[in-house]
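Enquirer: Quick one: the structure is below, questions incoming.
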Amino acid sequence: MDEEQRSPEQEQPAEAPARVFSEEHSPFLILSVQLLAALMLGAVGALLYQGLASAIGWDSSLIYNGLRADASAAERWQMRAFLALSHLLTFVLAGWVVVRLFYPPAKRGLDYLQARQAPPAVAVWGGVWLMVLSIPLVLYVYQLNRELPIPEALRQAEEQANEMLKGLLQMNDGWELAANLTLVALIPAIGEELVFRGVVQQQLLRLVRSPEWAIALSGAVFSFAHFQFEGFLPRMLLGVMLGWLYWRFRNFWVPVAAHFANNAVQVVAQYLYHEDVSPLNLEDDITVPLYAAALSAAAALALAGWLSQRKIIL
């Protein structure tokens with residue numbers, strides 16, 4: 001195949017699918033249906049888990065009380081089952097239902113998502129390294145975010161979410177590591193990219209006609225949807241980087257790979273800590289100096305600039 005030099009200024013990746021597939025649909029309608037589908041299927045997931053818990057004899061109160069940091073292995077597996085079911089329905093299925101509803105048949109939906117072609121290796125590895133290089137910057141922004149005042153109720157909810165994450169990241173063996181890589185890294189990478197980049201970002205681009213604003217707004221929506229406001233700014237920053245990768249390379253699997261890598265690094269790092277292989281404990285507050293954040297930002301920007309000039313094999 002031919003090589004073609006493309007830059008973000010020369011092409012706006014979401015415009016072609018919008019012209020071909022979606023001029024007859026209102027972006028507000030599509031985004032509203034996406035929200036409704038996520039809420040409805042999320043509720044269905046909770047009901048299914050309660051039924052499953054009753055049939056097996058599990059304690060269904062875990063979904064209301066949350067997971068403690070010192071939870072038993074059995075409780076961790078139960079929470080993983082609930083989260084897997086919830087995420088598959090709330091994001092993966094809800095996102096795909098919306099795509100199929102507005103862009104049938106399946107082949108057309110995959111074209112809309114830009115998911116039919118395998119991504120160029122340079123794009124995948126570039127996205128992965130963009131996530132890795134930006135880790136100090138993201139941690140520094142998290143430090144700044146934690147200094148901002150938030151209501152006490154939100155702070156308590158944040159602490160409960162952090163407690164549950166600590167419980168999930170307690171891993172006694174390779175099976176728990178594999179489960180967390182699937183639950184915390186793979187499923188969210190596919191489901192959240194399907195919803196927030198595949199649907200939300202592309203529809204926002206139709207609304208605002210500005211890639212920069214569409215990427216920033218979808219990043220904000222991505223962060224807000226997690227309902228963890230002490231980490232709102234760093235998660236929005238991650239959302240912006242993932243959105244830029246999607247827009248730049250016009251391939252759904254590029255931000256999926258980057259998203260997976262970002263989450264997998266955290267899971268593996270915590271596993272290595274509990275195995276006494278690494279001294280780094282992500283459950284502790286990690287202080288990142290300003291110079292490290294500045295170097296991280298410079299490296300990430302340099303890599304993004306390099307990726308912008310790369311040739312793409314079509």
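Ligands are numbered from 1 in the order shown, residues from 1 within each chain, and chains are lettered A, B, ... in the order they appear in the structure tokens.
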Could you give me, as a Markdown table, a per-residue list for range 242-271 of chain A showing, wherever an atom lies at most 12 Å from an atom of range 97-112 of chain A, the closest pair of atoms and their distance in Å to one decimal, using only C-alpha atoms and sorting by chain then residue number from low to high?
Expert:
| residue | atom | partner | partner_atom | distance |
| --- | --- | --- | --- | --- |
| A:Arg250 | CA | A:Tyr112 | CA | 10.2 |
| A:Asn251 | CA | A:Asp111 | CA | 9.7 |
| A:Phe252 | CA | A:Leu110 | CA | 9.2 |
| A:Trp253 | CA | A:Leu110 | CA | 11.4 |
Enquirer: Please produce a file of the residues just selected, as a short mmCIF file (atom, residue, chain, number, x, y, z; two decimals), in the first residue's frame, where the atoms kept are C-alpha atoms.
Expert:
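Here's the written file again.cif:
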data_model
loop_
_atom_site.label_atom_id
_atom_site.label_comp_id
_atom_site.auth_asym_id
_atom_site.auth_seq_id
_atom_site.Cartn_x
_atom_site.Cartn_y
_atom_site.Cartn_z
CA ARG A 250 -8.23 7.63 13.12
CA ASN A 251 -8.11 4.18 14.66
CA PHE A 252 -10.10 3.00 17.66
CA TRP A 253 -7.46 0.48 18.74
#
Enquirer: Could you build a table of the residues in range 122-172 of chain A lying no more than 7 Å from range 57-67 of chain A, giving for each the nearest pair of atoms and their separation in Å rounded to one decimal place, using only C-alpha atoms, ordered by chain and ascending residue number, as CSV?
Expert:
residue,atom,partner,partner_atom,distance
A:Glu163,CA,A:Leu67,CA,6.8
A:Met164,CA,A:Leu67,CA,4.5
A:Gly167,CA,A:Leu67,CA,6.1
Enquirer: When you look at Gln143 in chain A with a cut-off of 12 Å (counting only C-alpha atoms), what residues show up, excluding the ones that are within fewer than 5 positions of it in the same chain? I need them as a PDB file with N, CA and C atoms, in the first residue's frame.
Expert:
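Result file out.pdb:
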ATOM      1  N   PRO A 136       4.757  10.896  35.507  1.00  0.00           N
ATOM      2  CA  PRO A 136       5.117  11.908  36.515  1.00  0.00           C
ATOM      3  C   PRO A 136       4.259  13.170  36.421  1.00  0.00           C
ATOM      4  N   LEU A 137       3.946  13.602  35.201  1.00  0.00           N
ATOM      5  CA  LEU A 137       3.090  14.779  35.027  1.00  0.00           C
ATOM      6  C   LEU A 137       1.701  14.531  35.598  1.00  0.00           C
ATOM      7  N   VAL A 138       1.133  13.372  35.320  1.00  0.00           N
ATOM      8  CA  VAL A 138      -0.200  13.040  35.811  1.00  0.00           C
ATOM      9  C   VAL A 138      -0.214  12.995  37.345  1.00  0.00           C
ATOM     10  N   LEU A 148      -7.307  21.218  46.041  1.00  0.00           N
ATOM     11  CA  LEU A 148      -8.531  21.970  45.791  1.00  0.00           C
ATOM     12  C   LEU A 148      -9.617  21.545  46.777  1.00  0.00           C
ATOM     13  N   GLU A 230     -11.190  14.195  43.405  1.00  0.00           N
ATOM     14  CA  GLU A 230      -9.808  14.490  43.770  1.00  0.00           C
ATOM     15  C   GLU A 230      -8.861  14.131  42.636  1.00  0.00           C
ATOM     16  N   GLY A 231      -9.326  13.292  41.723  1.00  0.00           N
ATOM     17  CA  GLY A 231      -8.517  12.932  40.571  1.00  0.00           C
ATOM     18  C   GLY A 231      -9.094  13.443  39.269  1.00  0.00           C
ATOM     19  N   PHE A 232      -9.944  14.466  39.338  1.00  0.00           N
ATOM     20  CA  PHE A 232     -10.618  14.942  38.128  1.00  0.00           C
ATOM     21  C   PHE A 232      -9.631  15.475  37.095  1.00  0.00           C
ATOM     22  N   LEU A 233      -8.712  16.336  37.509  1.00  0.00           N
ATOM     23  CA  LEU A 233      -7.799  16.976  36.556  1.00  0.00           C
ATOM     24  C   LEU A 233      -6.822  15.985  35.918  1.00  0.00           C
ATOM     25  N   PRO A 234      -6.164  15.115  36.697  1.00  0.00           N
ATOM     26  CA  PRO A 234      -5.261  14.165  36.027  1.00  0.00           C
ATOM     27  C   PRO A 234      -6.000  13.188  35.114  1.00  0.00           C
ATOM     28  N   ASP A 285       1.042   8.001  49.168  1.00  0.00           N
ATOM     29  CA  ASP A 285       1.081   9.279  48.457  1.00  0.00           C
ATOM     30  C   ASP A 285       2.479   9.472  47.875  1.00  0.00           C
ATOM     31  N   ILE A 286       2.554   9.575  46.559  1.00  0.00           N
ATOM     32  CA  ILE A 286       3.836   9.738  45.879  1.00  0.00           C
ATOM     33  C   ILE A 286       4.014  11.210  45.531  1.00  0.00           C
ATOM     34  N   THR A 287       5.082  11.797  46.040  1.00  0.00           N
ATOM     35  CA  THR A 287       5.356  13.206  45.784  1.00  0.00           C
ATOM     36  C   THR A 287       6.249  13.343  44.556  1.00  0.00           C
ATOM     37  N   VAL A 288       5.790  14.103  43.592  1.00  0.00           N
ATOM     38  CA  VAL A 288       6.548  14.332  42.354  1.00  0.00           C
ATOM     39  C   VAL A 288       7.000  15.788  42.335  1.00  0.00           C
ATOM     40  N   PRO A 289       8.295  16.048  42.265  1.00  0.00           N
ATOM     41  CA  PRO A 289       8.768  17.442  42.222  1.00  0.00           C
ATOM     42  C   PRO A 289       8.398  18.107  40.902  1.00  0.00           C
ATOM     43  N   LEU A 290       8.387  19.434  40.931  1.00  0.00           N
ATOM     44  CA  LEU A 290       8.006  20.202  39.748  1.00  0.00           C
ATOM     45  C   LEU A 290       8.916  19.905  38.566  1.00  0.00           C
ATOM     46  N   ALA A 293       7.872  16.778  36.822  1.00  0.00           N
ATOM     47  CA  ALA A 293       6.649  16.989  36.041  1.00  0.00           C
ATOM     48  C   ALA A 293       6.957  17.756  34.761  1.00  0.00           C
TER      49      ALA A 293
END
Enquirer: Using DSSP on the backbone coordinates, identify all residues within range 82-147 of chain A classified as alpha helix (DSSP H); present the result as a PyMOL selection string.
Expert: chain A and resi 82-87+94-102+106-113+121-133+135-146
Enquirer: Go ahead and save the residues from that selection, with N, CA and C atoms, as a short mmCIF file (atom, residue, chain, number, x, y, z; two decimals), in the first residue's frame.
Expert:
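Listing of again18.cif after writing:
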data_model
loop_
_atom_site.label_atom_id
_atom_site.label_comp_id
_atom_site.auth_asym_id
_atom_site.auth_seq_id
_atom_site.Cartn_x
_atom_site.Cartn_y
_atom_site.Cartn_z
N PHE A 82 -18.75 -8.56 40.10
CA PHE A 82 -19.73 -7.47 39.96
C PHE A 82 -19.22 -6.38 39.04
N LEU A 83 -17.97 -5.98 39.22
CA LEU A 83 -17.42 -4.90 38.40
C LEU A 83 -17.31 -5.31 36.93
N ALA A 84 -16.93 -6.56 36.69
CA ALA A 84 -16.84 -7.03 35.31
C ALA A 84 -18.21 -7.00 34.64
N LEU A 85 -19.22 -7.51 35.34
CA LEU A 85 -20.58 -7.51 34.80
C LEU A 85 -21.07 -6.08 34.59
N SER A 86 -20.84 -5.23 35.57
CA SER A 86 -21.29 -3.85 35.48
C SER A 86 -20.62 -3.11 34.33
N HIS A 87 -19.31 -3.29 34.19
CA HIS A 87 -18.59 -2.54 33.15
C HIS A 87 -18.94 -3.06 31.76
N ALA A 94 -23.52 -1.00 26.26
CA ALA A 94 -24.26 0.24 26.04
C ALA A 94 -23.68 1.01 24.86
N GLY A 95 -22.36 1.09 24.78
CA GLY A 95 -21.74 1.79 23.66
C GLY A 95 -22.02 1.12 22.34
N TRP A 96 -21.92 -0.21 22.31
CA TRP A 96 -22.15 -0.93 21.06
C TRP A 96 -23.61 -0.87 20.65
N VAL A 97 -24.52 -0.90 21.62
CA VAL A 97 -25.95 -0.78 21.30
C VAL A 97 -26.23 0.56 20.61
N VAL A 98 -25.65 1.63 21.13
CA VAL A 98 -25.85 2.96 20.54
C VAL A 98 -25.27 3.01 19.13
N VAL A 99 -24.07 2.47 18.95
CA VAL A 99 -23.46 2.47 17.62
C VAL A 99 -24.30 1.67 16.64
N ARG A 100 -24.77 0.50 17.04
CA ARG A 100 -25.60 -0.32 16.16
C ARG A 100 -26.95 0.32 15.89
N LEU A 101 -27.48 1.05 16.89
CA LEU A 101 -28.78 1.68 16.72
C LEU A 101 -28.73 2.79 15.67
N PHE A 102 -27.69 3.61 15.72
CA PHE A 102 -27.61 4.76 14.82
C PHE A 102 -26.78 4.52 13.57
N ALA A 106 -23.52 -3.94 11.44
CA ALA A 106 -22.31 -4.00 12.24
C ALA A 106 -21.09 -3.46 11.50
N LYS A 107 -20.99 -3.78 10.20
CA LYS A 107 -19.85 -3.30 9.41
C LYS A 107 -19.81 -1.78 9.38
N ARG A 108 -20.97 -1.18 9.24
CA ARG A 108 -21.05 0.29 9.22
C ARG A 108 -20.69 0.87 10.58
N GLY A 109 -21.13 0.18 11.65
CA GLY A 109 -20.79 0.63 13.00
C GLY A 109 -19.29 0.58 13.25
N LEU A 110 -18.63 -0.47 12.78
CA LEU A 110 -17.18 -0.56 12.93
C LEU A 110 -16.48 0.51 12.12
N ASP A 111 -17.03 0.84 10.95
CA ASP A 111 -16.46 1.94 10.16
C ASP A 111 -16.59 3.26 10.92
N TYR A 112 -17.75 3.46 11.53
CA TYR A 112 -17.95 4.69 12.31
C TYR A 112 -16.94 4.79 13.44
N LEU A 113 -16.70 3.67 14.12
CA LEU A 113 -15.73 3.66 15.22
C LEU A 113 -14.29 3.70 14.73
N ALA A 121 1.86 -0.04 13.82
CA ALA A 121 2.66 -0.33 15.02
C ALA A 121 3.21 0.94 15.65
N VAL A 122 3.62 1.91 14.81
CA VAL A 122 4.19 3.14 15.35
C VAL A 122 3.16 3.91 16.17
N ALA A 123 1.89 3.82 15.77
CA ALA A 123 0.84 4.50 16.51
C ALA A 123 0.59 3.82 17.85
N VAL A 124 0.56 2.49 17.85
CA VAL A 124 0.33 1.75 19.10
C VAL A 124 1.45 2.00 20.09
N TRP A 125 2.69 1.80 19.67
CA TRP A 125 3.81 2.00 20.58
C TRP A 125 3.97 3.47 20.97
N GLY A 126 3.67 4.35 20.04
CA GLY A 126 3.71 5.77 20.38
C GLY A 126 2.70 6.12 21.45
N GLY A 127 1.47 5.59 21.34
CA GLY A 127 0.45 5.83 22.34
C GLY A 127 0.82 5.26 23.69
N VAL A 128 1.38 4.05 23.68
CA VAL A 128 1.80 3.42 24.94
C VAL A 128 2.88 4.25 25.62
N TRP A 129 3.87 4.68 24.86
CA TRP A 129 4.96 5.46 25.45
C TRP A 129 4.50 6.86 25.87
N LEU A 130 3.51 7.38 25.19
CA LEU A 130 2.94 8.67 25.61
C LEU A 130 2.35 8.55 27.01
N MET A 131 1.66 7.45 27.26
CA MET A 131 1.11 7.22 28.60
C MET A 131 2.21 7.06 29.65
N VAL A 132 3.24 6.28 29.31
CA VAL A 132 4.32 6.02 30.26
C VAL A 132 5.09 7.29 30.59
N LEU A 133 5.43 8.05 29.55
CA LEU A 133 6.22 9.27 29.77
C LEU A 133 5.45 10.33 30.56
N ILE A 135 3.42 9.80 33.09
CA ILE A 135 3.08 9.38 34.46
C ILE A 135 3.51 10.41 35.50
N PRO A 136 4.76 10.90 35.51
CA PRO A 136 5.12 11.91 36.52
C PRO A 136 4.26 13.17 36.42
N LEU A 137 3.95 13.60 35.20
CA LEU A 137 3.09 14.78 35.03
C LEU A 137 1.70 14.53 35.60
N VAL A 138 1.13 13.37 35.32
CA VAL A 138 -0.20 13.04 35.81
C VAL A 138 -0.21 12.99 37.35
N LEU A 139 0.83 12.40 37.94
CA LEU A 139 0.90 12.35 39.41
C LEU A 139 1.05 13.74 40.01
N TYR A 140 1.79 14.61 39.33
CA TYR A 140 1.94 15.98 39.83
C TYR A 140 0.62 16.73 39.77
N VAL A 141 -0.11 16.57 38.68
CA VAL A 141 -1.42 17.21 38.56
C VAL A 141 -2.38 16.66 39.63
N TYR A 142 -2.24 15.38 39.94
CA TYR A 142 -3.05 14.79 41.01
C TYR A 142 -2.76 15.46 42.35
N GLN A 143 -1.47 15.74 42.61
CA GLN A 143 -1.12 16.46 43.83
C GLN A 143 -1.81 17.82 43.89
N LEU A 144 -1.78 18.54 42.78
CA LEU A 144 -2.42 19.86 42.74
C LEU A 144 -3.92 19.74 42.94
N ASN A 145 -4.52 18.72 42.29
CA ASN A 145 -5.97 18.53 42.37
C ASN A 145 -6.40 18.27 43.81
N ARG A 146 -5.59 17.53 44.56
CA ARG A 146 -5.94 17.20 45.95
C ARG A 146 -5.94 18.42 46.86
#
